[in-house]
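Chemist: Structure below; questions to follow.
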Amino acid sequence: MGNSIFDQLPISQYIYLCCVLFAIGLFGVLYRRNAIVLLMCIELMLNAVNLLFAAFSSYMGDSNGQVFVFFIMVVAAAEAAVGLAILVMMYRNTRSTDVSLMDKLKG
Amino acid sequence: MNPNYIFTLLAFITILCALYVVISKNPIHSVIALILTFFSISAHYVLLNTQFLAIVNLIVYAGAIMVLFLFVLMFLNLNKETEPVKSTSWLTAAAIASGCLLVVLVATLREGSELVMKSPNGHAGLVKTLGKLLFSKYLVPFELSGILFLAAMVGAVFLGKKKGDDDQDELIIQDNAGGNNG
Amino acid sequence: MENLLWIILSPLAGFAISGLAGKYLPKGTTGWIASLAVLVSFVLSFSLFNGLLSNPAAIKKEYFTFIGSGNFHVNFALSVDRLTAMMMLIVTGIGFLIHVYSISYMHSDEGFYKFFAFLNLFIFNMLILIMGSNFLMLFFGWEGVGLCSYLLIGFWYQNEAYGKAARKAFVMNRIGDLGLLIGIFLIAWQFGSLDYDKVLDPAKLVAIAPGMITAICVLLFIGAMGKSAQIPLYTWLPDAMAGPTPVSALIHAATMVTAGIYLVVRTHVLFDMSVFAREFVLIIGLCTSILAALIGLKQNDIKKVLAYSTVSQLGFMFIALGSQAYVAAMFHLTTHAFFKALLFLGSGSVIHALDGEQDIRKMGGLRKAMPITFWTFLLGTLAICGFPYFSGFFSKDEILAEVYKHNVVLWALCVGSAGLTCIYMLRVLIVTFWGTFRGSEEQKHHLHESPALITIPLVILAVLSVFGGILNLPPLLSDSIAHGMHHFLSPALNLAEVPEELSPLSQLNLVVVTVVVLALAFWYVRHKYIAKQVVPETDDAMSGMGKVMANKFYVDEIFDASLVEPIEKTSDFTYKWLDRKWIDGLVNSFGKIANAMSNLYGKMQNGNLEYYLLYMVAGIILIVGYNLMK
């Protein structure tokens, strides 16, 4: 089957899909107050970007884009690990994971 | 089978699950929905003929990261619908912001789509090709990502450690000692 | 001739040594080093002078380029002709004597080494002024001596009044310097060069518009006005007496203030072309001479009298310049340098003996206590009065004769001014040295003749003051050595070999008139101050014209009321209204706007993570959107 999918499916479809996914993730980040859900939404956004990378890479027949996806996954995993650790710390201190309580970010 | 149908179906599932991640009040449900989203994205990868990413996505995201999330949720006992709801003004602000970003992103990327040269290469997504790339052109970043992991791990362990753990241990020992004396 | 450079480098080296190392050298050493430096200059200048006696050709030496821009080049170049050589001898010779005098005079001062450093720096700058071969070098030296004058007037800077006097001298000089500078700019513009050789070439001058030459002359003369203390810029010189007395002798009597004379003599080719400029010089000189003499009549500070006398004598020199009697002016400059330095040093000796007392009303009867000072001061006074056969007699008579050739009315006024000179100088002499001592008992106890380092320069200068007239005797007395200075200077000044003479009879008449006027003055002073033993009244007892004169014709007050106060009021107005209210207000309103804006943004920065996320997204949207629109 090889190239047939690329002929029949325009890349703009993937662009729309990824943008929508990204926007959903962003909306979650802005709207939700639970820090864990916030982190999940960030993962969602990262995945939207990953998918777009992969789509472009495949359509252009260039493997470099997929290597980037790989690296983004690496970063995402590290970020999730550290982020969750911070979250645990926060929960220990405040008994809550509500980001509205994170209001000490001013000098 | 027309790939358009497959794509539409997958996209439908993906967006639905993603929406549920955001909408669901219960964090556990969110996690489950997110895992489903990842699965559908992996399916997209297969559709795009990038097998390596499809597998890695499943292993790393659905397998490792989401387990971590679940673990933390359970650990902190957050599997209840306790999250306070934000005001409607926040809802509109978030909706407007994400809507605007959606519009500008689509507008920007659509221009980019016209620049894509359509010379698809069936081998681009193969494990062999990517492996060669990773271990030649991207060798140094690859190794560095290992160090990044190490750093993240150390950081996570350090952060996760209870403050004054050692002191508490000492306290317990002292208590025991006191008990013995008593 | 490498000597040229050494002449100026020697005092500079002296300045460097006493200025940098003076603090660590034993006291007194710096004084001798500085004196030695000037002595070296003097000896070298003398050998140069000897060479020029036989060969009138100017010696020139270029060292490096000061300014090079396109076709316009100004070099650091020295040039010595006979005029310069004469000035050099005066500057280094009298400078050396005053250095030696200062070693004793300043011996107990804390700033001993500083004083000699400044003096040496002054000699250096003065030499640059007279030896430079272009107007820029002249200006360099001109500003340099101005600086040294400022530093030395304010030498006792702890006294606020002295510091103000220094500032006044500086500011007054700046006004003149501005004129000089504009004059130099005009020269550079018109001639395309600042070299004396190129500018002062009569053949070239014909091509320049007469109005322009007049303008240049007047501007140069304004510079001279400031430095040589002529109306209206003379008020700084009496105040400059705040400096130590040797400074008054060296800078404010013998050398620096004559820079204006030197400038006009140097550029006399220009002045020869402009009748208006010459008349201007003449009138200013005459007015200054008479006004300063009148003020001098009623001053009771011994140094102030000498200062007004200096202003008056400088006016005399400008009178000579205005009547194109350049040699007479130089002659008077020379003799004046002798006797005025002598008088100042003598007054310094008196002040020294009285522990700083300068008021002649508190002196008196010093004749017996300080014989050497008295005799030298007497000789100096006779010289400045123009007592027959003293140096001042010849130099002043020559000027009077030249003025007589020019205009009889002016001549009469000059004779009157000379008579006034006689009166106020004799008044000082008699009130100080005759009669009985009027100071405190303690001062009387301390009265003593000054040490040898002070008296030796006095004696040398007294000899020069008495016999200085030999330099340029009128032919009436002796044919063989007559017009010595005229013959010497004529190649440098492009003058005729033999000066135009009045008939012997009218010369004799003039001399007789002068002598009669002087005799009358003598008689008047003798009658008033010796026979009647009158002591000048205290400040409160003054009345009428005397009070006006004692208060210097209120010139300072007039300046204050007409210039200083309006300027101060204007600046007060601009400060309070324009600057404070409008300019500051404008600037402050920018600050207030920024403050208000930052308060707004400060509220945005509430520390809550959610808001920051929203801002970040908004920022991303704006950036991406902007790129999209582009």
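Starting from 1 in every chain, residues are counted up; chains themselves are A, B, ... following the order of the structure tokens, and ligands are numbered from 1 as listed.
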Do a neighbour search on segment 53-65 of chain B at 8 Å with only C-alpha atoms, toss out local chain neighbours closer than 3 positions, and write the hits as a list in words.
Modeler: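 Within the cut-off, the hits are Gln66, Val69, Phe70, Met73, Ala77, Ala80 and Ala81 of chain A; Ile35, Phe38, Phe39, Ile41, Ser42, Ala43, His44, Tyr45, Val46, Thr50, Leu68, Phe69 and Gly125 of chain B.
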Chemist: Emit the selected residues as a PDB file, in the first residue's frame, including C-alpha atoms.
Modeler:
ATOM      1  CA  GLN A  66      10.710  11.341  14.151  1.00  0.00           C
ATOM      2  CA  VAL A  69       9.502  13.073  18.542  1.00  0.00           C
ATOM      3  CA  PHE A  70      11.707  10.607  20.316  1.00  0.00           C
ATOM      4  CA  MET A  73       9.170  11.851  24.620  1.00  0.00           C
ATOM      5  CA  ALA A  77       9.043  11.556  30.676  1.00  0.00           C
ATOM      6  CA  ALA A  80       6.437  14.078  34.279  1.00  0.00           C
ATOM      7  CA  ALA A  81       8.777  12.511  36.810  1.00  0.00           C
TER       8      ALA A  81
ATOM      9  CA  ILE B  35      -4.497   6.475  28.084  1.00  0.00           C
ATOM     10  CA  PHE B  38      -2.515   7.805  23.633  1.00  0.00           C
ATOM     11  CA  PHE B  39      -3.685   4.550  22.179  1.00  0.00           C
ATOM     12  CA  ILE B  41      -2.490   8.494  18.760  1.00  0.00           C
ATOM     13  CA  SER B  42      -0.413   5.345  18.480  1.00  0.00           C
ATOM     14  CA  ALA B  43      -2.920   4.169  15.939  1.00  0.00           C
ATOM     15  CA  HIS B  44      -2.328   7.377  14.063  1.00  0.00           C
ATOM     16  CA  TYR B  45       1.365   6.619  14.094  1.00  0.00           C
ATOM     17  CA  VAL B  46       0.682   3.233  12.559  1.00  0.00           C
ATOM     18  CA  THR B  50       5.915   5.167  11.724  1.00  0.00           C
ATOM     19  CA  LEU B  68       3.270   7.159  37.259  1.00  0.00           C
ATOM     20  CA  PHE B  69       0.258   9.460  37.178  1.00  0.00           C
ATOM     21  CA  GLY B 125       9.538   5.386  10.045  1.00  0.00           C
TER      22      GLY B 125
END
Chemist: Against chain B, which residues of chain A fall within 6 Å? For each one I want the closest pair of atoms and the distance in Å (one decimal), counting only C-alpha atoms, rows by chain and increasing residue number, as a tab-separated table.
Modeler:
residue	atom	partner	partner_atom	distance
A:Ile5	CA	B:Pro3	CA	5.9
A:Cys19	CA	B:Leu102	CA	5.9
A:Ala23	CA	B:Ser98	CA	5.1
A:Leu26	CA	B:Ser98	CA	5.9
A:Phe27	CA	B:Ala94	CA	5.5
A:Gly28	CA	B:Val22	CA	5.1
A:Leu30	CA	B:Ala94	CA	5.4
A:Tyr31	CA	B:Ala94	CA	5.9
A:Tyr59	CA	B:Pro120	CA	5.1
A:Met60	CA	B:Pro120	CA	5.3
A:Gly61	CA	B:Pro120	CA	4.2
A:Asp62	CA	B:Ala124	CA	5.9
A:Ser63	CA	B:Ala124	CA	4.9
A:Ala78	CA	B:Ala152	CA	5.4
A:Val82	CA	B:Ala156	CA	4.9
A:Ala85	CA	B:Ala156	CA	5.2
Chemist: Output the selection as a PDB file, in the first residue's frame - C-alpha atoms for each residue.
Modeler:
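Written file, out36.pdb:
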ATOM      1  CA  ILE A   5      -2.411   6.939   2.220  1.00  0.00           C
ATOM      2  CA  CYS A  19      -4.271  21.922  16.544  1.00  0.00           C
ATOM      3  CA  ALA A  23      -6.152  23.644  22.024  1.00  0.00           C
ATOM      4  CA  LEU A  26      -4.386  24.249  26.562  1.00  0.00           C
ATOM      5  CA  PHE A  27      -7.952  24.753  27.654  1.00  0.00           C
ATOM      6  CA  GLY A  28      -7.438  22.093  30.269  1.00  0.00           C
ATOM      7  CA  LEU A  30      -6.064  27.067  31.860  1.00  0.00           C
ATOM      8  CA  TYR A  31      -9.328  25.827  33.249  1.00  0.00           C
ATOM      9  CA  TYR A  59       4.716  13.126   4.442  1.00  0.00           C
ATOM     10  CA  MET A  60       8.141  14.490   3.634  1.00  0.00           C
ATOM     11  CA  GLY A  61       9.849  11.132   3.912  1.00  0.00           C
ATOM     12  CA  ASP A  62      12.393  12.580   6.286  1.00  0.00           C
ATOM     13  CA  SER A  63      13.282  10.624   9.420  1.00  0.00           C
ATOM     14  CA  ALA A  78      11.609  13.530  32.650  1.00  0.00           C
ATOM     15  CA  VAL A  82       9.992  15.811  38.212  1.00  0.00           C
ATOM     16  CA  ALA A  85       7.666  14.768  42.519  1.00  0.00           C
TER      17      ALA A  85
END
Chemist: With DSSP run on the backbone, what are the strand (DSSP E or B) residues within segment 45-284 of chain C? I'd like them as a list in words.
Modeler: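 Here is the list: Ile59, Lys60, Lys61, Glu62, Tyr63, Phe64, Thr65, Phe66, Ile67, Gly68, Ser69, Phe72, His73, Val74, Asn75, Phe76, Ala77, Leu78, Ser79, Val80, Gly132, Asn134 and Asp195 of chain C.
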Chemist: For chain C, report every residue with an atom at most 7 Å from chain B (counting only C-alpha atoms), formatted as an NGL selection string.
Modeler: :C and (617-618 or 621 or 624-625 or 628)
Chemist: Filtering to N, CA and C atoms, could you give me those residues as a PDB file, in the first residue's frame?
Modeler:
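Okay, out22.pdb is ready:
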ATOM      1  N   VAL C 617       0.007  32.382  27.554  1.00  0.00           N
ATOM      2  CA  VAL C 617      -0.742  31.989  26.353  1.00  0.00           C
ATOM      3  C   VAL C 617      -1.066  33.212  25.518  1.00  0.00           C
ATOM      4  N   ALA C 618      -1.482  34.293  26.205  1.00  0.00           N
ATOM      5  CA  ALA C 618      -1.790  35.518  25.469  1.00  0.00           C
ATOM      6  C   ALA C 618      -0.556  35.985  24.707  1.00  0.00           C
ATOM      7  N   ILE C 621      -0.010  33.835  21.694  1.00  0.00           N
ATOM      8  CA  ILE C 621      -0.985  34.169  20.643  1.00  0.00           C
ATOM      9  C   ILE C 621      -0.557  35.431  19.919  1.00  0.00           C
ATOM     10  N   VAL C 624       2.620  34.700  17.686  1.00  0.00           N
ATOM     11  CA  VAL C 624       2.283  33.924  16.486  1.00  0.00           C
ATOM     12  C   VAL C 624       1.388  34.743  15.572  1.00  0.00           C
ATOM     13  N   GLY C 625       0.425  35.447  16.188  1.00  0.00           N
ATOM     14  CA  GLY C 625      -0.487  36.256  15.386  1.00  0.00           C
ATOM     15  C   GLY C 625       0.254  37.346  14.642  1.00  0.00           C
ATOM     16  N   LEU C 628       1.968  36.009  11.784  1.00  0.00           N
ATOM     17  CA  LEU C 628       0.990  35.677  10.759  1.00  0.00           C
ATOM     18  C   LEU C 628       0.621  36.911   9.946  1.00  0.00           C
TER      19      LEU C 628
END
Chemist: Sorted by chain and rising residue number, which residues of chain A lie within 6 Å of chain C, and what are their closest atom pairs and distances in Å to one decimal, counting only C-alpha atoms, as JSON lines?
Modeler:
{"residue": "A:Met102", "atom": "CA", "partner": "C:Asn608", "partner_atom": "CA", "distance": 5.8}
{"residue": "A:Asp103", "atom": "CA", "partner": "C:Asn608", "partner_atom": "CA", "distance": 3.8}
{"residue": "A:Lys104", "atom": "CA", "partner": "C:Gly607", "partner_atom": "CA", "distance": 5.1}
{"residue": "A:Leu105", "atom": "CA", "partner": "C:Gly607", "partner_atom": "CA", "distance": 4.0}
{"residue": "A:Lys106", "atom": "CA", "partner": "C:Gly607", "partner_atom": "CA", "distance": 4.6}
Chemist: Using only C-alpha atoms, which of the listed residues (C:Met363, C:Met86, C:Val145, C:Leu471) sits closest to Glu441 of chain C?
Modeler: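 Ranked by minimum distance to Glu441 of chain C, first place goes to C:Met363.
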Chemist: Got a sec: who's within 6 Å of segment 43-50 of chain A, counting only C-alpha atoms, leaving out chain neighbours fewer than 5 positions off, as a list of chain:residue names?
Modeler: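 Non-adjacent residues within range: A:Cys18, A:Leu21, A:Phe22, A:Gly25, A:Val69.
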Chemist: The selected residues should be written to file as a short mmCIF file (atom, residue, chain, number, x, y, z; two decimals), in the first residue's frame (atoms: N, CA and C atoms).
Modeler:
data_model
loop_
_atom_site.label_atom_id
_atom_site.label_comp_id
_atom_site.auth_asym_id
_atom_site.auth_seq_id
_atom_site.Cartn_x
_atom_site.Cartn_y
_atom_site.Cartn_z
N CYS A 18 -4.25 18.00 15.08
CA CYS A 18 -3.23 18.31 16.09
C CYS A 18 -3.52 19.64 16.75
N LEU A 21 -6.28 19.15 19.21
CA LEU A 21 -5.76 18.46 20.40
C LEU A 21 -4.99 19.43 21.29
N PHE A 22 -4.18 20.20 20.65
CA PHE A 22 -3.36 21.16 21.38
C PHE A 22 -4.25 22.15 22.11
N GLY A 25 -5.85 20.61 25.08
CA GLY A 25 -4.88 20.52 26.17
C GLY A 25 -4.69 21.86 26.84
N VAL A 69 10.60 13.62 17.74
CA VAL A 69 9.50 13.07 18.54
C VAL A 69 10.07 12.22 19.67
#
Chemist: Expressed in Å to a single decimal, how great is the separation between atom CA of Leu200 of chain C and atom CA of Trp6 of chain C?
Modeler: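 Interatomic distance, atom CA of Leu200 of chain C to atom CA of Trp6 of chain C: 27.1 Å.
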Chemist: When DSSP works through the backbone of this structure, what residues of segment 218-463 of chain C end up as alpha helix (DSSP H), shown as an MDAnalysis selection string?
Modeler: chainID C and resid 218:227 236:239 245:249 259:266 268:273 275:297 302:322 326:353 366:369 371:385 391:406 408:433 441:446 452:463
Chemist: For each of C:Pro238, C:Gly183, C:Gly28, C:Pro210, take the minimum atom-to-atom distance to Ser108 of chain C, counting only C-alpha atoms, then give the residue where this is smallest.
Modeler: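 Among C:Pro238, C:Gly183, C:Gly28, C:Pro210, it is C:Gly28 that comes nearest to Ser108 of chain C.
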